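Asker: Take a look at the following structure, please.
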Amino acid sequence: RRARFRAWVARLDAELRVRGGRLVLEAEPGVRFDSPPSLKFPEGPVGGVTTLRLGLEVDLGRDMILELWPGAENLLEAGEGTAFGRATKVQIRSGAIRLGRGVQIRDFCVVKSLGELVMEDFSILGHGTTLHAEERVTLQTMVGLAEYVTVIDSDHDADGSPEVHFMAQPLRVAPVLIERNTFVAAHSTVLKGTHIGPGSVVGAGAVLTGGDYAGSSLIAGAPARVIRPLGSPVVARP
């Protein structure tokens, strides 16, 4: 297992150097994978450093795709016991992905950072979930995102023009913060500028379009709103 990991690291280092970058590795014992992560290098800056900081018993899973700007300042940090599921895609383009201890990123997730993407200890991404940090996305300790949730801190402006490609429109960015021990149910979308207080539950299919949502609340709807404080009695409709 150690030999396979060393061989993969040597390949990554060589690929980065060919493209004008270099690798810094800080790895504790027990890093493993079922198959070596695939490497992709899109066009980007030159002359940077990619740092991999991997804690004890980190599992990179099977069929991971690691996509890097080879000349950028990139950081992938995974704490002790963090595990990636099958076919996860990790994209770092002059940004950082910081994962705490015991983080779970399950099958077919996409995590992308051009800024700071932070998942604190024991946070979980369900199957097929996407996180995209243009500036900053933070999931605090014990946050859980269920299957096919999307969290993104940016979008392109829309002026109604039928001529200007939407990708050419100005980018609007505002950080996203989901506080500790919050659960976001399946197929929900959390958009730029959203702040969810601690201990909350977001109902399935909700769309959070920015702003503050109180902690210890049930949040649901599209657009989402606070339905009631958690722990309060449910009032039956007549």
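Naming scheme: A, B, ... for chains in displayed order of the structure tokens; residues 1 onward per chain; ligands 1 onward as shown.
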Can you tell me, as a VMD selection string, what residues are no more than 7 Å from Val149 (chain A) when counting only C-alpha atoms, ignoring any on the same chain fewer than 6 positions away?
Answerer: chain A and resid 129 to 130 186 to 189
Asker: Extract, using only C-alpha atoms, all DNA, RNA and protein residues at most 6 Å from region 23-39 of chain A, discarding same-chain residues fewer than 6 positions from it, and format them as a list in words.
Answerer: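 What passes the distance filter is Asp13, Val49, Thr50, Thr51, Leu52, Arg53, Leu54, Gly55, Leu56, Glu57, Val58, Asp59, Leu60, Gly61, Arg62, Asp63, Met64, Ile65, Leu66 and Glu67 of chain A.
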Asker: Neighbours of Val184 (chain A) within 6 Å (only C-alpha atoms; same-chain residues fewer than 3 positions away dropped), as a list in words?
Answerer: Leu145, Val201 and Val202 of chain A
Asker: If we count only C-alpha atoms, what is near Gly48 (chain A) at a cut-off of 12 Å, once residues fewer than 6 positions away on the same chain are taken out, given as a list of chain:residue names?
Answerer: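 Returned residues: A:Leu16, A:Arg17, A:Arg19, A:Gly20, A:Gly21, A:Arg22, A:Leu23, A:Val24, A:Leu68, A:Trp69, A:Pro70, A:Gly71, A:Ala72, A:Glu73, A:Asn74, A:Leu75, A:Arg93, A:Ser94, A:Gly95.
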Asker: Neighbours of Glu120 (chain A) within 7 Å (only C-alpha atoms; same-chain residues fewer than 6 positions away dropped), as a list in words?
Answerer: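 Near neighbours after the sequence-gap exclusion: Leu99, Gly100, Leu139, Gln140 and Thr141 of chain A.
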Asker: Considering only helix (DSSP H, G or I) as DSSP defines it on the backbone, what residues of region 13-170 of chain A qualify? List them as a PyMOL selection string.
Answerer: chain A and resi 13-18+166-168
Asker: What separation in Å, quoted to one decimal, exists between CA of Ala3 (chain A) and CA of Cys109 (chain A)?
Answerer: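 A separation of 27.3 Å between them.
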Asker: Please list as a list in words every residue within 10 Å of Val118 (chain A), counting only C-alpha atoms and excluding residues in the same chain fewer than 5 positions away.
Answerer: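 With the cut-off at 10 Å, the set is Glu77, Ala96, Ile97, Arg98, Leu99, Gly100, Ser113, Ser123, Ala133, Arg136, Val137, Thr138, Leu139, Gln140 and Leu177 of chain A.
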Asker: What would the file look like if the residues just selected were written as a JSON list (two decimals), in the first residue's frame with all heavy atoms?
Answerer:
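Written output follows (result-v2.json):
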[["chain", "number", "residue", "atom", "x", "y", "z"],
["A", 77, "GLU", "N", -6.15, 19.57, 2.10],
["A", 77, "GLU", "CA", -5.85, 19.20, 3.48],
["A", 77, "GLU", "C", -6.96, 18.28, 3.97],
["A", 77, "GLU", "O", -8.14, 18.66, 3.91],
["A", 77, "GLU", "CB", -5.76, 20.45, 4.33],
["A", 77, "GLU", "CG", -5.44, 20.24, 5.78],
["A", 77, "GLU", "CD", -5.32, 21.57, 6.50],
["A", 77, "GLU", "OE1", -6.36, 22.08, 6.96],
["A", 77, "GLU", "OE2", -4.20, 22.10, 6.57],
["A", 96, "ALA", "N", -8.07, 26.44, -1.90],
["A", 96, "ALA", "CA", -7.80, 25.49, -0.82],
["A", 96, "ALA", "C", -9.06, 24.71, -0.49],
["A", 96, "ALA", "O", -10.16, 25.26, -0.49],
["A", 96, "ALA", "CB", -7.29, 26.22, 0.43],
["A", 97, "ILE", "N", -8.88, 23.43, -0.23],
["A", 97, "ILE", "CA", -9.92, 22.57, 0.32],
["A", 97, "ILE", "C", -9.39, 22.03, 1.63],
["A", 97, "ILE", "O", -8.38, 21.31, 1.66],
["A", 97, "ILE", "CB", -10.29, 21.43, -0.65],
["A", 97, "ILE", "CG1", -10.91, 22.01, -1.93],
["A", 97, "ILE", "CG2", -11.25, 20.45, 0.02],
["A", 97, "ILE", "CD1", -11.22, 20.97, -2.99],
["A", 98, "ARG", "N", -10.05, 22.42, 2.74],
["A", 98, "ARG", "CA", -9.59, 22.04, 4.08],
["A", 98, "ARG", "C", -10.66, 21.16, 4.73],
["A", 98, "ARG", "O", -11.77, 21.63, 5.01],
["A", 98, "ARG", "CB", -9.35, 23.29, 4.94],
["A", 98, "ARG", "CG", -8.36, 24.28, 4.33],
["A", 98, "ARG", "CD", -8.21, 25.52, 5.20],
["A", 98, "ARG", "NE", -7.44, 26.55, 4.56],
["A", 98, "ARG", "CZ", -6.11, 26.66, 4.62],
["A", 98, "ARG", "NH1", -5.42, 25.77, 5.34],
["A", 98, "ARG", "NH2", -5.48, 27.64, 4.01],
["A", 99, "LEU", "N", -10.32, 19.91, 4.95],
["A", 99, "LEU", "CA", -11.23, 18.93, 5.53],
["A", 99, "LEU", "C", -10.72, 18.53, 6.89],
["A", 99, "LEU", "O", -9.55, 18.17, 7.06],
["A", 99, "LEU", "CB", -11.33, 17.70, 4.62],
["A", 99, "LEU", "CG", -11.59, 17.99, 3.13],
["A", 99, "LEU", "CD1", -11.56, 16.69, 2.33],
["A", 99, "LEU", "CD2", -12.92, 18.70, 2.93],
["A", 100, "GLY", "N", -11.61, 18.57, 7.89],
["A", 100, "GLY", "CA", -11.22, 18.22, 9.25],
["A", 100, "GLY", "C", -11.14, 16.71, 9.47],
["A", 100, "GLY", "O", -11.08, 15.91, 8.53],
["A", 113, "SER", "N", -12.79, 24.34, -5.58],
["A", 113, "SER", "CA", -12.42, 25.56, -4.87],
["A", 113, "SER", "C", -11.48, 26.42, -5.69],
["A", 113, "SER", "O", -10.45, 25.95, -6.18],
["A", 113, "SER", "CB", -11.74, 25.22, -3.54],
["A", 113, "SER", "OG", -11.38, 26.41, -2.85],
["A", 123, "SER", "N", -18.10, 16.37, 9.40],
["A", 123, "SER", "CA", -19.12, 16.79, 8.43],
["A", 123, "SER", "C", -19.22, 15.76, 7.31],
["A", 123, "SER", "O", -18.27, 15.00, 7.05],
["A", 123, "SER", "CB", -18.83, 18.18, 7.89],
["A", 123, "SER", "OG", -17.50, 18.28, 7.42],
["A", 133, "ALA", "N", -16.75, 26.60, -4.19],
["A", 133, "ALA", "CA", -16.32, 27.81, -3.49],
["A", 133, "ALA", "C", -15.53, 28.71, -4.43],
["A", 133, "ALA", "O", -14.40, 28.39, -4.80],
["A", 133, "ALA", "CB", -15.47, 27.45, -2.27],
["A", 136, "ARG", "N", -15.64, 31.64, -0.54],
["A", 136, "ARG", "CA", -15.59, 30.87, 0.70],
["A", 136, "ARG", "C", -16.91, 30.15, 0.94],
["A", 136, "ARG", "O", -17.98, 30.77, 0.91],
["A", 136, "ARG", "CB", -15.29, 31.76, 1.91],
["A", 136, "ARG", "CG", -15.06, 30.95, 3.19],
["A", 136, "ARG", "CD", -14.57, 31.81, 4.33],
["A", 136, "ARG", "NE", -14.27, 31.00, 5.50],
["A", 136, "ARG", "CZ", -13.08, 30.43, 5.74],
["A", 136, "ARG", "NH1", -12.08, 30.60, 4.88],
["A", 136, "ARG", "NH2", -12.88, 29.71, 6.82],
["A", 137, "VAL", "N", -16.80, 28.85, 1.18],
["A", 137, "VAL", "CA", -17.91, 28.02, 1.66],
["A", 137, "VAL", "C", -17.43, 27.31, 2.90],
["A", 137, "VAL", "O", -16.37, 26.66, 2.89],
["A", 137, "VAL", "CB", -18.36, 27.00, 0.60],
["A", 137, "VAL", "CG1", -19.33, 25.99, 1.19],
["A", 137, "VAL", "CG2", -18.99, 27.70, -0.60],
["A", 138, "THR", "N", -18.19, 27.42, 4.00],
["A", 138, "THR", "CA", -17.80, 26.79, 5.27],
["A", 138, "THR", "C", -18.93, 25.92, 5.78],
["A", 138, "THR", "O", -20.06, 26.39, 5.96],
["A", 138, "THR", "CB", -17.47, 27.84, 6.34],
["A", 138, "THR", "OG1", -16.43, 28.71, 5.85],
["A", 138, "THR", "CG2", -17.00, 27.17, 7.62],
["A", 139, "LEU", "N", -18.62, 24.65, 6.04],
["A", 139, "LEU", "CA", -19.50, 23.73, 6.75],
["A", 139, "LEU", "C", -18.85, 23.47, 8.10],
["A", 139, "LEU", "O", -17.75, 22.92, 8.17],
["A", 139, "LEU", "CB", -19.66, 22.41, 5.99],
["A", 139, "LEU", "CG", -20.70, 22.33, 4.87],
["A", 139, "LEU", "CD1", -20.49, 23.41, 3.82],
["A", 139, "LEU", "CD2", -20.66, 20.95, 4.22],
["A", 140, "GLN", "N", -19.52, 23.88, 9.17],
["A", 140, "GLN", "CA", -18.93, 23.70, 10.49],
["A", 140, "GLN", "C", -19.07, 22.24, 10.96],
["A", 140, "GLN", "O", -19.58, 21.37, 10.24],
["A", 140, "GLN", "CB", -19.56, 24.67, 11.48],
["A", 140, "GLN", "CG", -19.16, 26.12, 11.23],
["A", 140, "GLN", "CD", -19.63, 27.07, 12.32],
["A", 140, "GLN", "OE1", -20.47, 26.72, 13.17],
["A", 140, "GLN", "NE2", -19.10, 28.28, 12.31],
["A", 177, "LEU", "N", -22.15, 30.13, 4.82],
["A", 177, "LEU", "CA", -21.80, 29.54, 6.11],
["A", 177, "LEU", "C", -22.96, 28.69, 6.60],
["A", 177, "LEU", "O", -24.08, 29.19, 6.75],
["A", 177, "LEU", "CB", -21.49, 30.65, 7.13],
["A", 177, "LEU", "CG", -21.30, 30.19, 8.59],
["A", 177, "LEU", "CD1", -20.13, 29.22, 8.72],
["A", 177, "LEU", "CD2", -21.09, 31.41, 9.50]]
Asker: For a test of reading the model, state the distance in Å between CA of Leu208 (chain A) and CA of Gly221 (chain A), rounded to one decimal.
Answerer: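 Computed distance, CA of Leu208 (chain A) to CA of Gly221 (chain A), equals 8.3 Å.
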Asker: In Å, with one decimal, what is the gap from CA of Ile105 (chain A) to CA of Gly128 (chain A)?
Answerer: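 We find that CA of Ile105 (chain A) and CA of Gly128 (chain A) lie 9.4 Å from each other.
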Asker: For Val18 (chain A), which of A:Gly47, A:Arg4, A:Phe166, A:Val111 is the closest residue, counting only C-alpha atoms?
Answerer: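 Checking each candidate against Val18 (chain A), we get A:Gly47 as the closest.
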Asker: My list of candidates is A:Val90, A:Val143, A:Val103, A:Val164. Which is closest to Leu131 (chain A) when distances are computed with only C-alpha atoms?
Answerer: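 Of A:Val90, A:Val143, A:Val103, A:Val164, the one nearest Leu131 (chain A) is A:Val90, counting only C-alpha atoms.
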Asker: Taking the chain letters and numbering used in this document, name the residues of region 65-234 of chain A that DSSP puts in strand (DSSP E or B), as a PyMOL selection string.
Answerer: chain A and resi 65-68+74-78+83-84+89-92+96-99+104-105+110-113+116-119+124-125+130-133+136-139+144-145+150-152+154-156+171-173+176-178+183-184+189-190+194-196+201-202+207-208+211-213+217-221+224-229
Asker: Rank nothing, just name the residue among A:Met142, A:Leu12, A:Ile227, A:Ala83 nearest to Met119 (chain A), using only C-alpha atoms.
Answerer: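 Selected residue with least distance to Met119 (chain A): A:Met142.
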